[in-house]
Amino acid sequence: MGRIRYLGVVLYDADRIHEIASADESELVTKQRELILNPFDPAIIEQAEKDGVHASVIEAAQKSPVYKFVKEWELALPLHPEFRTLPMLFYVPPLLPVLGKAQNGTYEVTGDGFFGSLDNARVPVQYMAKLFTAGNEELVKETYRKLMAVRLYKRAEQMGEVGNSEVKSALAEAGVTPEKWEAIYRLTSLPTFEERFVVPPMHREYAIALMEDPAAHKGAAGVGFHTKPERGL
């Protein structure tokens, strides 16, 4: 629960908002992903700088965990995209607990189907699709294939409870490389505070400059402040 929230910057093309919000329901999630721009693209960086986006904001977008979850890994999904509000708030669907069964008076979690499957998930895929993809079940399945692949990969690596053939099968099905699995695992399980919350400086001086001359206040209380410093309580 301590790693449940991440905060980061994403760059997006505001001119396409109406177009994206008007898309067919089955395409809303994919279209919203298209709205988010690649902060490493030289052309995007150049245009952002021309539009007045500070270099520190671009750098924060490049380090953004939100960009990784939503755009790079395509794991996080918007809530009720059919409302067409295009919120920049995303959720990674919950990966359910290991399945088990009582056998000979003992609760076992080993054997075939150690982690279960999408077909026998405790929360139906159809329900998750209604929450996150406007009913597009395939998008939810794609996300779960990646999450389950990471789980299998790390369980095989650390516990030896999953066979290599099962891991390779999950790798092929999810279309994720071991390098990406490792990156997903580290950001979801072992992130530092700085990796979870990547927020650029506020740059209050820029906001002040929109209304007044920052230099007129600099001598009194520093750039961005309007009141003189006072002593006492």
# chains A, B, ... in the order shown; residues from 1 in each chain; ligands from 1
$ residues_around --residues "region 60-72 of chain A" --least-positions-apart "2" --cutoff "7 Å" --atoms "only C-alpha atoms" --output "compact mmCIF listing (two decimals) with N, CA and C atoms, in the first residue's frame"
# COMPACT_ATOMS: atom_id res chain seq x y z
N TYR A 6 1.76 7.11 -7.62
CA TYR A 6 2.89 7.67 -8.36
C TYR A 6 2.44 9.00 -8.96
N LEU A 7 3.36 9.93 -9.07
CA LEU A 7 3.03 11.25 -9.59
C LEU A 7 4.12 11.67 -10.57
N GLY A 8 3.71 12.09 -11.75
CA GLY A 8 4.70 12.51 -12.74
C GLY A 8 4.08 13.36 -13.83
N VAL A 9 4.94 13.99 -14.61
CA VAL A 9 4.53 14.88 -15.69
C VAL A 9 4.38 14.08 -16.98
N VAL A 10 3.35 14.41 -17.76
CA VAL A 10 3.24 13.91 -19.13
C VAL A 10 2.99 15.09 -20.06
N LEU A 11 3.62 15.07 -21.21
CA LEU A 11 3.40 16.09 -22.23
C LEU A 11 2.30 15.59 -23.16
N ARG A 33 -3.74 7.33 -25.23
CA ARG A 33 -2.30 7.06 -25.21
C ARG A 33 -1.58 7.83 -26.31
N PRO A 39 8.59 12.40 -24.56
CA PRO A 39 9.45 13.50 -24.09
C PRO A 39 10.91 13.36 -24.51
N PHE A 40 11.26 12.24 -25.15
CA PHE A 40 12.62 12.04 -25.63
C PHE A 40 12.77 12.40 -27.11
N SER A 56 13.32 22.04 -17.06
CA SER A 56 13.14 21.17 -15.90
C SER A 56 11.84 20.37 -16.00
N VAL A 57 10.83 20.93 -16.67
CA VAL A 57 9.57 20.21 -16.87
C VAL A 57 9.77 19.08 -17.87
N ILE A 58 10.52 19.35 -18.93
CA ILE A 58 10.82 18.31 -19.92
C ILE A 58 11.63 17.19 -19.28
N GLU A 74 2.27 0.55 -21.20
CA GLU A 74 0.84 0.36 -21.44
C GLU A 74 0.21 -0.57 -20.40
N LEU A 75 0.50 -0.27 -19.14
CA LEU A 75 -0.06 -1.03 -18.02
C LEU A 75 -1.20 -0.30 -17.33
N ALA A 76 -1.09 1.02 -17.23
CA ALA A 76 -2.09 1.81 -16.51
C ALA A 76 -3.20 2.25 -17.46
N LEU A 77 -4.42 2.23 -16.95
CA LEU A 77 -5.61 2.53 -17.76
C LEU A 77 -6.45 3.63 -17.09
N GLU A 195 11.74 8.22 -7.27
CA GLU A 195 11.27 7.56 -8.49
C GLU A 195 9.74 7.56 -8.58
N ARG A 196 9.08 7.58 -7.45
CA ARG A 196 7.61 7.56 -7.43
C ARG A 196 7.02 8.94 -7.64
N VAL A 198 7.92 12.44 -9.21
CA VAL A 198 8.84 13.23 -10.04
C VAL A 198 8.12 14.52 -10.42
N VAL A 199 8.37 15.56 -9.64
CA VAL A 199 7.66 16.83 -9.82
C VAL A 199 8.68 17.94 -10.07
N PRO A 200 8.55 18.71 -11.14
CA PRO A 200 9.50 19.79 -11.43
C PRO A 200 9.29 20.98 -10.50
$ residues_around --residues "Ile17 (chain A)" --least-positions-apart "2" --cutoff "10 Å" --atoms "only C-alpha atoms" --output "list in words"
Tyr12, Asp13, Ala14, Asp15, Glu19, Ile20, Ala21, Ser22, Lys31, Gln32, Leu35, Arg84, Thr85 and Leu86 of chain A
$ select_by_dssp --residues "region 59-204 of chain A" --states "strand (DSSP E or B)" --output "list in words"
Leu77, Pro78, Phe90, Tyr91, Lys101, Ala102, Gln103, Thr106, Tyr107, Glu108 and Phe197 of chain A
$ write_last_selection --atoms "N, CA and C atoms" --output "short mmCIF file (atom, residue, chain, number, x, y, z; two decimals), in the first residue's frame"
data_model
loop_
_atom_site.label_atom_id
_atom_site.label_comp_id
_atom_site.auth_asym_id
_atom_site.auth_seq_id
_atom_site.Cartn_x
_atom_site.Cartn_y
_atom_site.Cartn_z
N LEU A 77 -4.42 2.23 -16.95
CA LEU A 77 -5.61 2.53 -17.76
C LEU A 77 -6.45 3.63 -17.09
N PRO A 78 -7.17 4.42 -17.90
CA PRO A 78 -8.03 5.46 -17.32
C PRO A 78 -9.33 4.85 -16.79
N PHE A 90 -4.63 7.54 -13.87
CA PHE A 90 -4.64 6.20 -14.42
C PHE A 90 -4.47 5.16 -13.32
N TYR A 91 -4.91 3.94 -13.62
CA TYR A 91 -4.89 2.85 -12.65
C TYR A 91 -4.29 1.60 -13.28
N LYS A 101 -6.17 -24.31 -3.16
CA LYS A 101 -7.31 -25.20 -2.92
C LYS A 101 -6.99 -26.12 -1.75
N ALA A 102 -8.04 -26.54 -1.09
CA ALA A 102 -7.88 -27.46 0.02
C ALA A 102 -7.78 -28.89 -0.52
N GLN A 103 -6.73 -29.58 -0.09
CA GLN A 103 -6.52 -30.95 -0.56
C GLN A 103 -5.99 -31.79 0.60
N THR A 106 -5.21 -29.93 3.70
CA THR A 106 -4.15 -28.91 3.62
C THR A 106 -4.46 -27.93 2.50
N TYR A 107 -4.22 -26.65 2.77
CA TYR A 107 -4.44 -25.63 1.74
C TYR A 107 -3.20 -25.56 0.87
N GLU A 108 -3.33 -25.94 -0.38
CA GLU A 108 -2.19 -26.02 -1.29
C GLU A 108 -2.23 -24.87 -2.29
N PHE A 197 7.66 9.97 -7.11
CA PHE A 197 7.15 11.33 -7.22
C PHE A 197 8.18 12.19 -7.95
#
$ residues_around --residues "Asn136 (chain A)" --least-positions-apart "5" --cutoff "12 Å" --atoms "only C-alpha atoms" --output "PyMOL selection string"
chain A and resi 24-30+77+80-82+125-131+141-143
$ closest_residue --among "A:Gly160, A:Glu59, A:Thr188, A:Ile36" --to "Pro87 (chain A)" --atoms "only C-alpha atoms"
A:Ile36
